Amino acid sequence: MKEELATRYDPSTFEQRLYASWEAAGYFTPVVDRERPKFTIVIPPPNVTGRLHIGHALVNTLQDIIVRWKRMSGYNTLWLPGTDHAGIATQMVVEKQIAKEGLTRFDLGREKFVERIWQWKEQHSSEIKDQLTRLGASCDWTRERFTLDEGLSRAVRYVFVKLYEDGLIYRGIAMVNWCPRCLTAISDVEVEFRERNGKLYHIDYPIADTDRRVTIATTRPETMLGDTGVAVHPDDERYKDLIGRNAILPIANRPIPIVADAILVDPEFGTGVVKVTPSHDKNDYETGKRHNLPQLQVIAEDGRMTAAAGKDFEGLDRSDARKRVVDLLTEQGYLVKVEDHPHNVGVHGKCDTDIEPMVSLQWFVKIEPLAKPAIEAVRSGAITITPETWESTYFNWMENIHDWTISRQLWWGHRIPAFHCTNGHTSVSVDDLVTCPECQAPVTQETDVLDTWFSSGLWPFSTLGWPDPTPDFETFYPTDTLITGFDILFFWVARMIMMGLRFTGQPPFTRVFLNGLVRDEQGRKMSKTIGNVIDPLDVVNEVGADALRFTLAVATSGRDIPLGKSRIAGYSAFVNKIWNASRFALMHIDTDLKHAGPIDRDRLRTVERWILSRLNAVTAEVNEQLSVFRFDEAASACYQFFWHEFCDWYIEMAKPVLLGRHGSDNDRKLAKRVLLEVLDRSLRLLHPFMPFVTEEIWQKLGGVEPSIMIAPYPIAEDVLEDPEAERLADAVKAIITTIRNVRAERGFTPKDRFRLTLRGNDDRDTNFFRENAYLLMELARLTEVSTDGTAPDHAHHDVVEGFRLAIEFPEKEVSQEQLDRVRREIEKSEKELASLDAKLANEQFTGNAPPQIVAGARARQSELRSRLETLRKNQ
RNA sequence: AGUCCCCUAGCUCAGCUGGUUAGAGCGCUACCUUGACACGGUAGAGGUCAGCGGUUCGAGUCCGCUGGGGACUACCA
């Protein structure tokens, strides 16, 4: 039998209890059954480093909405959770931690340091689970994975070896992005560009054996110490005679050749003379190769100047070296001028350190053969990306992609499974090697580790047991939907597509939804310095997970998400509303779902048929919108229906019957049955958005299933559609609204009651109101509703939804304000009618517009005519 | 520099393949403690849909230009 709900909505009393009960019941864990239709999502694995922010709350709420919806819709649903070892980020965190003990990772040594990170990971990885739990995320925790765990590590080695054998992984010397702070190479996507107000230094380079000088310009004067050439355009008349001569590098006083290079030099730009620093600039590196210019490394891996920079500079940090170079150039008269020069500087996204282009020996993935099928998969529609606009961004990037630098000079990560022997052979192997397969000499393993994203790229299949043909892999792969932030489209999504296609022969997922960035109410990024950061756990503690989830969902259209306290407050009011409406319903419902039996539809009154019809329409809408990731539309459809149709109108309309002021016992029984039905369906509809409050209430309804999360998701049924009931209910609502409106405008209070005369277009409509007069009397507070009388002149006349009505106010002076109002109303209608008349007189319109549009215009025209006529009576 | 997106009520945003009277949330005004709810109810004010031009019987919606804002990619020394 039914129980009552607590008087006050207090999520803290039930959210955690409910989550624990779901998990204990095993609802999050799908069965391994290939016969059943499945639905799979893998979580974008959060970094093991620390707390979830609002962006995580968003992406995981959206996933949970889809997952709960699919699960209730009958799919064997797996949401696989896990975390990412996040190479650099995690290493940085632990380095900071040991720094407090006055230690560096070099003090500890590789083995001890990695051990420390593992300890740290064990302590912190459960925090992620706890936080996701508080949000209500229905992940299958029995399948939780970590990118460095054994199975995934094996997948990583397998893939590395395979790509190497296929010639798609190579080791070589190239110019890479080097982070002098993290002491590692990073890939192109990890470089972020920041706008800086830099300077452009113009420096004179004397020409050897002449008294001529050429002026070059540079933003990085310290690199001049590494110049090994000067380039001009071959067709530039100004410098033609200099080609083949030497310039004298100031400060270093070294002769360097002047070469002609059409690729590097744009004669229109600056002076048309360019310094060439093959060791410290990407373009100069290529230029150097073209002209056989030597490389001279003047900046070391740690960002300090090398001995080759000269003893004045050796050991100086690159920024100090810049000042010193500028000072010396000034002293010696080589510095011509310095101008402000705003430009973009590449920095390491993780630590904000300026990237140093550096020539070094690294491992790379030859990317084009992988990118091609990945482009095709999206182009062909095998994978769709939502919002669609991201597809062009994807193509743009994939078509111009460069080889992927995958080696990192870090200690935390998957150590590259390559083995070097003393004779210079390199072998790769899934299993550790002790001796060189070629010469039997002892081998040592490569010290570099792999880019974190190398292992994340395998996530959709490595987590399911691949490369073994495990039951999980066979059952749940490929996954269906991927939901993640657009910011990792290149880092992660693109790489999963490439790797998935290459190694499983299938797209790793068929649909991608990219969510936007969570911003504050003014559209600013959340940042600690502005102080506008919202911590999702704080919100959950204050108002509950449901309010936060709903707020995030209702704001998710595909673009960035504005989120603020007032918004959250607005939707926590909605949760409260659901609670209280349910409390009201539970006071009147006297049977539980198990014993309710089917609804006798033939005996339903119009208002009941109306609310069921509307609920049915909303059900169709929600399913439709969720299927295209319109979380906002789906959520607000629920919101509008529950609050503004069910609470504001249906409950109020049902009260006279429920409270025994109107109708028979049987009417009351039916009303209660419908109330139960609407509440049940609404809660199930809302459950993916608000798992906790819907479960807490639904438990009181006594359903067949032990939990709402495994109850079937509502689907629309044609039999519930009832346009006639909707038309009449709309008329009732509009008439009531008009009466309330005029009453207020005329300065009466809700306590003042009047008589109403009402007439429909035909007898059926008039009869409807004769039978349902109590609705108007109760909701519009009338003394009597007459369907055949005539109204006195001093009544207020109007036409609403085709019904002529007259509200019989006592003779009371109508203010000038009121008369003005009526006049404005008349003018508005006249204006509209005039434009409609013109439109309908236009044969181009009546001939070309679709018939229903023309018919609609005609109907509106006649309504306006009759309304105008009636309104004029009020003057 | 290239590509893309945005400009609709005071604020934040919806408006799908062009079609009746342009919507929501928050905020604002007035009234109401009515038996689920003041995290409430009722009613209301508020918009030349950035500007200009074009296509069309018809444009917030399609096309072009201008202005303003943003994102991504690349980067000229």
# chains A, B, ... in the order shown; residues from 1 in each chain; ligands from 1
call {"tool": "residues_around", "arguments": {"residues": "Gln445 in chain A", "least_positions_apart": "6", "cutoff": "12 Å", "atoms": "only C-alpha atoms (C1' of nucleotides)", "output": "PyMOL selection string"}}
result
chain A and resi 414-422+425-436
call {"tool": "write_last_selection", "arguments": {"atoms": "all heavy atoms", "output": "compact mmCIF listing (two decimals), in the first residue's frame"}}
result
# COMPACT_ATOMS: atom_id res chain seq x y z
N HIS A 414 53.16 4.34 -20.28
CA HIS A 414 53.50 3.05 -20.88
C HIS A 414 54.89 3.16 -21.48
O HIS A 414 55.09 3.90 -22.45
CB HIS A 414 52.51 2.71 -22.00
CG HIS A 414 51.09 2.58 -21.52
ND1 HIS A 414 50.61 1.43 -20.97
CD2 HIS A 414 50.07 3.46 -21.50
CE1 HIS A 414 49.33 1.60 -20.63
NE2 HIS A 414 48.99 2.84 -20.94
N ARG A 415 55.82 2.43 -20.91
CA ARG A 415 57.19 2.48 -21.44
C ARG A 415 57.19 1.83 -22.83
O ARG A 415 56.60 0.77 -23.04
CB ARG A 415 58.10 1.70 -20.49
CG ARG A 415 59.55 2.00 -20.72
CD ARG A 415 60.33 1.70 -19.47
NE ARG A 415 61.75 1.60 -19.76
CZ ARG A 415 62.67 1.34 -18.84
NH1 ARG A 415 62.29 1.14 -17.57
NH2 ARG A 415 63.93 1.28 -19.15
N ILE A 416 57.83 2.51 -23.75
CA ILE A 416 57.82 2.03 -25.14
C ILE A 416 58.45 0.65 -25.22
O ILE A 416 59.56 0.44 -24.72
CB ILE A 416 58.55 3.05 -26.05
CG1 ILE A 416 57.67 4.31 -26.18
CG2 ILE A 416 58.87 2.45 -27.42
CD1 ILE A 416 58.28 5.43 -26.99
N PRO A 417 57.75 -0.31 -25.83
CA PRO A 417 58.25 -1.69 -25.86
C PRO A 417 59.29 -1.90 -26.95
O PRO A 417 59.13 -2.75 -27.81
CB PRO A 417 56.98 -2.52 -26.11
CG PRO A 417 56.11 -1.61 -26.91
CD PRO A 417 56.41 -0.21 -26.45
N ALA A 418 60.35 -1.09 -26.89
CA ALA A 418 61.45 -1.23 -27.84
C ALA A 418 62.71 -1.52 -27.04
O ALA A 418 62.85 -1.03 -25.91
CB ALA A 418 61.62 0.06 -28.65
N PHE A 419 63.56 -2.30 -27.62
CA PHE A 419 64.74 -2.75 -26.88
C PHE A 419 65.98 -2.50 -27.72
O PHE A 419 66.05 -2.89 -28.90
CB PHE A 419 64.58 -4.24 -26.53
CG PHE A 419 63.36 -4.47 -25.67
CD1 PHE A 419 62.11 -4.65 -26.26
CD2 PHE A 419 63.45 -4.46 -24.28
CE1 PHE A 419 60.97 -4.81 -25.48
CE2 PHE A 419 62.32 -4.64 -23.50
CZ PHE A 419 61.07 -4.81 -24.09
N HIS A 420 66.94 -1.81 -27.12
CA HIS A 420 68.15 -1.45 -27.84
C HIS A 420 69.30 -2.32 -27.34
O HIS A 420 69.45 -2.51 -26.13
CB HIS A 420 68.50 0.02 -27.57
CG HIS A 420 67.36 0.96 -27.83
ND1 HIS A 420 66.84 1.18 -29.09
CD2 HIS A 420 66.62 1.72 -26.98
CE1 HIS A 420 65.85 2.06 -28.99
NE2 HIS A 420 65.69 2.39 -27.73
N CYS A 421 70.09 -2.83 -28.27
CA CYS A 421 71.24 -3.64 -27.84
C CYS A 421 72.52 -2.84 -28.02
O CYS A 421 72.52 -1.78 -28.64
CB CYS A 421 71.30 -4.97 -28.60
SG CYS A 421 72.05 -4.83 -30.24
N THR A 422 73.57 -3.36 -27.49
CA THR A 422 74.84 -2.63 -27.51
C THR A 422 75.38 -2.50 -28.92
O THR A 422 76.23 -1.66 -29.19
CB THR A 422 75.88 -3.36 -26.62
OG1 THR A 422 75.77 -4.77 -26.88
CG2 THR A 422 75.63 -3.08 -25.16
N HIS A 425 71.20 -2.38 -32.50
CA HIS A 425 69.94 -2.87 -33.03
C HIS A 425 68.78 -2.44 -32.13
O HIS A 425 68.94 -2.37 -30.93
CB HIS A 425 69.92 -4.41 -33.10
CG HIS A 425 70.98 -4.96 -33.98
ND1 HIS A 425 71.93 -5.88 -33.55
CD2 HIS A 425 71.27 -4.72 -35.28
CE1 HIS A 425 72.73 -6.18 -34.54
NE2 HIS A 425 72.37 -5.49 -35.61
N THR A 426 67.65 -2.18 -32.75
CA THR A 426 66.45 -1.88 -31.98
C THR A 426 65.37 -2.88 -32.36
O THR A 426 65.11 -3.09 -33.55
CB THR A 426 65.97 -0.46 -32.27
OG1 THR A 426 66.91 0.47 -31.72
CG2 THR A 426 64.60 -0.20 -31.62
N SER A 427 64.78 -3.53 -31.36
CA SER A 427 63.71 -4.49 -31.64
C SER A 427 62.50 -4.11 -30.80
O SER A 427 62.63 -3.62 -29.69
CB SER A 427 64.13 -5.90 -31.24
OG SER A 427 65.47 -6.13 -31.59
N VAL A 428 61.31 -4.34 -31.34
CA VAL A 428 60.12 -4.09 -30.55
C VAL A 428 59.47 -5.43 -30.23
O VAL A 428 59.60 -6.38 -31.00
CB VAL A 428 59.10 -3.18 -31.27
CG1 VAL A 428 59.75 -1.88 -31.68
CG2 VAL A 428 58.51 -3.88 -32.47
N SER A 429 58.80 -5.49 -29.10
CA SER A 429 58.24 -6.78 -28.70
C SER A 429 57.14 -6.59 -27.67
O SER A 429 57.24 -5.75 -26.79
CB SER A 429 59.34 -7.65 -28.10
OG SER A 429 58.78 -8.78 -27.46
N VAL A 430 56.09 -7.38 -27.81
CA VAL A 430 55.02 -7.33 -26.83
C VAL A 430 55.52 -7.80 -25.48
O VAL A 430 55.21 -7.23 -24.43
CB VAL A 430 53.82 -8.20 -27.30
CG1 VAL A 430 52.77 -8.30 -26.20
CG2 VAL A 430 53.21 -7.62 -28.57
N ASP A 431 56.33 -8.85 -25.51
CA ASP A 431 56.91 -9.34 -24.25
C ASP A 431 58.30 -8.76 -24.08
O ASP A 431 58.99 -8.48 -25.06
CB ASP A 431 56.99 -10.87 -24.29
CG ASP A 431 55.61 -11.48 -24.46
OD1 ASP A 431 54.70 -11.10 -23.69
OD2 ASP A 431 55.43 -12.30 -25.39
N ASP A 432 58.72 -8.61 -22.85
CA ASP A 432 60.04 -8.05 -22.58
C ASP A 432 61.13 -8.91 -23.19
O ASP A 432 61.03 -10.14 -23.21
CB ASP A 432 60.27 -7.96 -21.05
CG ASP A 432 59.48 -6.78 -20.48
OD1 ASP A 432 58.95 -5.98 -21.26
OD2 ASP A 432 59.41 -6.69 -19.24
N LEU A 433 62.15 -8.27 -23.71
CA LEU A 433 63.29 -8.99 -24.28
C LEU A 433 64.47 -8.89 -23.34
O LEU A 433 64.63 -7.89 -22.61
CB LEU A 433 63.67 -8.39 -25.63
CG LEU A 433 62.65 -8.49 -26.77
CD1 LEU A 433 63.23 -7.85 -28.02
CD2 LEU A 433 62.27 -9.95 -27.02
N VAL A 434 65.30 -9.92 -23.36
CA VAL A 434 66.53 -9.90 -22.56
C VAL A 434 67.74 -9.79 -23.48
O VAL A 434 68.68 -9.06 -23.20
CB VAL A 434 66.64 -11.19 -21.71
CG1 VAL A 434 67.90 -11.12 -20.84
CG2 VAL A 434 65.39 -11.36 -20.85
N THR A 435 67.61 -10.45 -24.62
CA THR A 435 68.72 -10.37 -25.57
C THR A 435 68.21 -9.93 -26.93
O THR A 435 67.04 -10.10 -27.24
CB THR A 435 69.40 -11.75 -25.74
OG1 THR A 435 68.39 -12.71 -26.10
CG2 THR A 435 70.09 -12.18 -24.47
N CYS A 436 69.12 -9.39 -27.71
CA CYS A 436 68.77 -8.89 -29.02
C CYS A 436 68.47 -10.06 -29.96
O CYS A 436 69.29 -10.98 -30.08
CB CYS A 436 69.94 -8.06 -29.57
SG CYS A 436 69.65 -7.48 -31.25
call {"tool": "residues_around", "arguments": {"residues": "G69 in chain B", "least_positions_apart": "5", "cutoff": "12 Å", "atoms": "only C-alpha atoms (C1' of nucleotides)", "output": "list of chain:residue names"}}
result
A:Gly523, B:C5, B:C6, B:C7, B:A50
call {"tool": "interface_residues", "arguments": {"of": "chain A", "to": "chain B", "cutoff": "6 Å", "atoms": "only C-alpha atoms (C1' of nucleotides)", "output": "ChimeraX atom specification"}}
result
/A:218,274,573,580-581,583-584,741,844-845,856-857
call {"tool": "residues_around", "arguments": {"residues": "Arg110 in chain A", "least_positions_apart": "5", "cutoff": "10 Å", "atoms": "only C-alpha atoms (C1' of nucleotides)", "output": "number ranges by chain"}}
result
A: 105, 115-116, 410-412, 447
call {"tool": "residues_around", "arguments": {"residues": "range 479-489 of chain A", "least_positions_apart": "3", "cutoff": "9 Å", "atoms": "only C-alpha atoms (C1' of nucleotides)", "output": "ChimeraX atom specification"}}
result
/A:38-44,55,59-60,62-63,66,390,394,460-461,476,492-495,507-517
call {"tool": "closest_residue", "arguments": {"among": "B:G47, B:U33, B:A71, B:A38", "to": "A9 in chain B", "atoms": "only C-alpha atoms (C1' of nucleotides)"}}
result
B:G47
call {"tool": "closest_atom_pairs", "arguments": {"of": "range 329-404 of chain A", "to": "range 168-184 of chain A", "cutoff": "9 Å", "atoms": "only C-alpha atoms", "output": "Markdown table"}}
result
| residue | atom | partner | partner_atom | distance |
| --- | --- | --- | --- | --- |
| A:Val347 | CA | A:Cys179 | CA | 8.2 |
| A:His348 | CA | A:Cys179 | CA | 6.5 |
| A:Cys351 | CA | A:Arg181 | CA | 7.8 |
| A:Thr353 | CA | A:Arg181 | CA | 6.5 |
| A:Asp354 | CA | A:Cys179 | CA | 7.1 |
| A:Ile355 | CA | A:Cys179 | CA | 5.2 |
| A:Glu356 | CA | A:Trp178 | CA | 5.0 |
| A:Pro357 | CA | A:Asn177 | CA | 5.0 |
| A:Met358 | CA | A:Met175 | CA | 5.3 |
| A:Val359 | CA | A:Met175 | CA | 4.2 |
| A:Ser360 | CA | A:Ile173 | CA | 5.2 |
| A:Leu361 | CA | A:Ile173 | CA | 4.2 |
| A:Gln362 | CA | A:Arg171 | CA | 5.6 |
| A:Trp363 | CA | A:Arg171 | CA | 4.3 |
| A:Phe364 | CA | A:Tyr170 | CA | 5.4 |
| A:Val365 | CA | A:Ile169 | CA | 4.5 |
| A:Lys366 | CA | A:Leu168 | CA | 4.9 |
| A:Ile367 | CA | A:Leu168 | CA | 7.4 |
| A:Pro369 | CA | A:Leu168 | CA | 8.1 |
| A:Leu370 | CA | A:Leu168 | CA | 8.7 |
call {"tool": "closest_residue", "arguments": {"among": "A:Arg8, A:Lys372, A:His85, A:Arg51", "to": "Asp535 in chain A", "atoms": "only C-alpha atoms"}}
result
A:Arg51
call {"tool": "residues_around", "arguments": {"residues": "Thr29 in chain A", "least_positions_apart": "6", "cutoff": "12 Å", "atoms": "only C-alpha atoms (C1' of nucleotides)", "output": "list in words"}}
result
Trp22, Glu23, Thr40, Val67, Arg71, Asn76, Thr77, Leu78, Trp79, Leu80, Pro81, Ser138, Cys139, Asp140, Trp141, Thr142, Arg143, Glu144, Asp472 and Ile710 of chain A
call {"tool": "write_last_selection", "arguments": {"atoms": "N, CA and C atoms", "output": "JSON list (two decimals), in the first residue's frame"}}
result
[["chain", "number", "residue", "atom", "x", "y", "z"],
["A", 22, "TRP", "N", 20.72, 0.89, -5.80],
["A", 22, "TRP", "CA", 20.81, 0.54, -7.22],
["A", 22, "TRP", "C", 22.05, -0.31, -7.49],
["A", 23, "GLU", "N", 23.16, 0.17, -6.92],
["A", 23, "GLU", "CA", 24.42, -0.53, -7.18],
["A", 23, "GLU", "C", 24.36, -1.94, -6.59],
["A", 40, "THR", "N", 26.12, 0.67, -25.74],
["A", 40, "THR", "CA", 27.38, 0.83, -25.01],
["A", 40, "THR", "C", 27.89, 2.27, -25.10],
["A", 67, "VAL", "N", 22.18, 6.99, -21.11],
["A", 67, "VAL", "CA", 22.31, 5.62, -20.63],
["A", 67, "VAL", "C", 21.05, 5.15, -19.91],
["A", 71, "ARG", "N", 18.58, 2.26, -21.18],
["A", 71, "ARG", "CA", 18.38, 1.11, -20.30],
["A", 71, "ARG", "C", 16.89, 0.89, -20.07],
["A", 76, "ASN", "N", 20.25, -3.65, -23.45],
["A", 76, "ASN", "CA", 21.23, -4.21, -22.52],
["A", 76, "ASN", "C", 22.37, -3.20, -22.48],
["A", 77, "THR", "N", 22.37, -2.39, -21.44],
["A", 77, "THR", "CA", 23.15, -1.16, -21.47],
["A", 77, "THR", "C", 24.40, -1.21, -20.62],
["A", 78, "LEU", "N", 25.51, -0.86, -21.26],
["A", 78, "LEU", "CA", 26.78, -0.79, -20.53],
["A", 78, "LEU", "C", 27.34, 0.62, -20.60],
["A", 79, "TRP", "N", 27.57, 1.18, -19.43],
["A", 79, "TRP", "CA", 28.34, 2.43, -19.36],
["A", 79, "TRP", "C", 29.61, 2.09, -18.62],
["A", 80, "LEU", "N", 30.70, 2.06, -19.37],
["A", 80, "LEU", "CA", 31.96, 1.59, -18.79],
["A", 80, "LEU", "C", 32.78, 2.76, -18.25],
["A", 81, "PRO", "N", 33.07, 2.74, -16.96],
["A", 81, "PRO", "CA", 33.81, 3.85, -16.35],
["A", 81, "PRO", "C", 35.31, 3.54, -16.23],
["A", 138, "SER", "N", 25.18, 6.15, -13.60],
["A", 138, "SER", "CA", 24.89, 4.72, -13.49],
["A", 138, "SER", "C", 25.93, 3.88, -14.23],
["A", 139, "CYS", "N", 27.19, 4.06, -13.85],
["A", 139, "CYS", "CA", 28.29, 3.33, -14.46],
["A", 139, "CYS", "C", 28.35, 1.91, -13.90],
["A", 140, "ASP", "N", 28.82, 1.00, -14.73],
["A", 140, "ASP", "CA", 29.05, -0.37, -14.26],
["A", 140, "ASP", "C", 30.42, -0.45, -13.60],
["A", 141, "TRP", "N", 30.42, -0.28, -12.30],
["A", 141, "TRP", "CA", 31.69, -0.21, -11.57],
["A", 141, "TRP", "C", 32.42, -1.54, -11.55],
["A", 142, "THR", "N", 31.71, -2.63, -11.85],
["A", 142, "THR", "CA", 32.41, -3.91, -11.88],
["A", 142, "THR", "C", 33.36, -3.99, -13.07],
["A", 143, "ARG", "N", 33.19, -3.08, -14.02],
["A", 143, "ARG", "CA", 34.05, -3.09, -15.20],
["A", 143, "ARG", "C", 34.98, -1.89, -15.24],
["A", 144, "GLU", "N", 35.17, -1.24, -14.13],
["A", 144, "GLU", "CA", 36.01, -0.04, -14.10],
["A", 144, "GLU", "C", 37.44, -0.34, -14.57],
["A", 472, "ASP", "N", 32.93, -9.87, -23.45],
["A", 472, "ASP", "CA", 32.58, -8.45, -23.36],
["A", 472, "ASP", "C", 32.81, -7.74, -24.69],
["A", 710, "ILE", "N", 14.61, 0.46, -13.79],
["A", 710, "ILE", "CA", 14.44, -0.67, -14.68],
["A", 710, "ILE", "C", 12.99, -0.81, -15.16]]
call {"tool": "select_by_dssp", "arguments": {"residues": "range 760-810 of chain A", "states": "strand (DSSP E)", "output": "MDAnalysis selection string"}}
result
chainID A and resid 782:786 796:800 803:808
call {"tool": "select_by_dssp", "arguments": {"residues": "range 576-704 of chain A", "states": "helix (DSSP H, G or I)", "output": "number ranges by chain"}}
result
A: 576-588, 593-596, 601-603, 606-627, 631-658, 665-686, 691-701
call {"tool": "residues_around", "arguments": {"residues": "Ser866 in chain A", "least_positions_apart": "6", "cutoff": "10 Å", "atoms": "only C-alpha atoms (C1' of nucleotides)", "output": "ChimeraX atom specification"}}
result
/A:798-799,802,804,860
call {"tool": "write_last_selection", "arguments": {"atoms": "N, CA and C atoms", "output": "compact mmCIF listing (two decimals), in the first residue's frame"}}
result
# COMPACT_ATOMS: atom_id res chain seq x y z
N ASP A 798 -16.48 39.31 -25.25
CA ASP A 798 -15.24 38.89 -25.94
C ASP A 798 -15.52 37.60 -26.70
N VAL A 799 -14.60 37.27 -27.59
CA VAL A 799 -14.65 35.98 -28.28
C VAL A 799 -13.33 35.28 -28.04
N GLY A 802 -13.32 30.88 -30.41
CA GLY A 802 -14.59 30.61 -31.06
C GLY A 802 -15.80 30.67 -30.12
N ARG A 804 -18.26 32.80 -27.74
CA ARG A 804 -18.69 34.13 -27.37
C ARG A 804 -18.95 34.16 -25.89
N ARG A 860 -8.60 32.53 -39.25
CA ARG A 860 -8.16 33.65 -38.42
C ARG A 860 -8.92 34.93 -38.80
call {"tool": "atom_distance", "arguments": {"atom1": "CA of Thr783 in chain A", "atom2": "CA of Gly760 in chain A"}}
result
19.5 Å
call {"tool": "atom_distance", "arguments": {"atom1": "CA of Gly303 in chain A", "atom2": "CA of Asp317 in chain A"}}
result
5.9 Å
call {"tool": "closest_residue", "arguments": {"among": "B:G68, B:G18, B:G23, B:G2", "to": "U56 in chain B", "atoms": "only C-alpha atoms (C1' of nucleotides)"}}
result
B:G18
call {"tool": "residues_around", "arguments": {"residues": "Phe641 in chain A", "least_positions_apart": "3", "cutoff": "12 Å", "atoms": "only C-alpha atoms (C1' of nucleotides)", "output": "ChimeraX atom specification"}}
result
/A:574,578,611-619,621-622,633-638,644-650,678-679,681-683,685-686
call {"tool": "closest_residue", "arguments": {"among": "A:Ala791, A:Ala377, A:Met709, A:Ile715", "to": "Glu696 in chain A", "atoms": "only C-alpha atoms"}}
result
A:Met709
call {"tool": "decode", "arguments": {"residues": "range 30-67 of chain B", "atoms": "C-alpha atoms (C1' of nucleotides)", "output": "PDB file, in the first residue's frame"}}
result
ATOM      1  C1'   A B  30       0.533  44.441  -9.304  1.00  0.00           C
ATOM      2  C1'   C B  31      -2.543  41.422  -6.528  1.00  0.00           C
ATOM      3  C1'   C B  32      -3.186  36.749  -3.563  1.00  0.00           C
ATOM      4  C1'   U B  33      -0.780  33.116   2.853  1.00  0.00           C
ATOM      5  C1'   U B  34      -6.820  29.407  -1.792  1.00  0.00           C
ATOM      6  C1'   G B  35      -6.424  22.596   2.108  1.00  0.00           C
ATOM      7  C1'   A B  36       0.542  19.930  -2.599  1.00  0.00           C
ATOM      8  C1'   C B  37       3.928  23.727  -3.029  1.00  0.00           C
ATOM      9  C1'   A B  38       5.655  31.456  -1.081  1.00  0.00           C
ATOM     10  C1'   C B  39      11.481  26.970  -4.046  1.00  0.00           C
ATOM     11  C1'   G B  40       3.979  28.939  -4.460  1.00  0.00           C
ATOM     12  C1'   G B  41      -0.522  31.112  -7.285  1.00  0.00           C
ATOM     13  C1'   U B  42      -2.905  34.772 -10.688  1.00  0.00           C
ATOM     14  C1'   A B  43      -2.435  38.617 -14.016  1.00  0.00           C
ATOM     15  C1'   G B  44       0.828  42.036 -16.473  1.00  0.00           C
ATOM     16  C1'   A B  45       4.863  45.102 -18.655  1.00  0.00           C
ATOM     17  C1'   G B  46       8.880  44.267 -21.946  1.00  0.00           C
ATOM     18  C1'   G B  47      11.113  42.586 -28.784  1.00  0.00           C
ATOM     19  C1'   U B  48      11.949  47.970 -35.607  1.00  0.00           C
ATOM     20  C1'   C B  49      14.572  39.350 -34.383  1.00  0.00           C
ATOM     21  C1'   A B  50      22.521  43.892 -35.185  1.00  0.00           C
ATOM     22  C1'   G B  51      22.232  47.160 -39.932  1.00  0.00           C
ATOM     23  C1'   C B  52      21.646  47.378 -45.320  1.00  0.00           C
ATOM     24  C1'   G B  53      20.375  45.015 -49.828  1.00  0.00           C
ATOM     25  C1'   G B  54      18.473  40.625 -52.505  1.00  0.00           C
ATOM     26  C1'   U B  55      15.406  35.975 -53.584  1.00  0.00           C
ATOM     27  C1'   U B  56      10.051  34.904 -52.613  1.00  0.00           C
ATOM     28  C1'   C B  57       2.997  35.494 -52.735  1.00  0.00           C
ATOM     29  C1'   G B  58       5.473  35.420 -47.849  1.00  0.00           C
ATOM     30  C1'   A B  59      12.098  36.059 -44.412  1.00  0.00           C
ATOM     31  C1'   G B  60      13.915  35.835 -37.337  1.00  0.00           C
ATOM     32  C1'   U B  61      14.448  31.517 -40.766  1.00  0.00           C
ATOM     33  C1'   C B  62      17.537  31.373 -47.483  1.00  0.00           C
ATOM     34  C1'   C B  63      21.645  34.491 -50.244  1.00  0.00           C
ATOM     35  C1'   G B  64      25.143  38.807 -50.324  1.00  0.00           C
ATOM     36  C1'   C B  65      27.501  43.002 -47.988  1.00  0.00           C
ATOM     37  C1'   U B  66      28.658  45.983 -43.491  1.00  0.00           C
ATOM     38  C1'   G B  67      29.355  46.377 -38.208  1.00  0.00           C
TER      39        G B  67
END
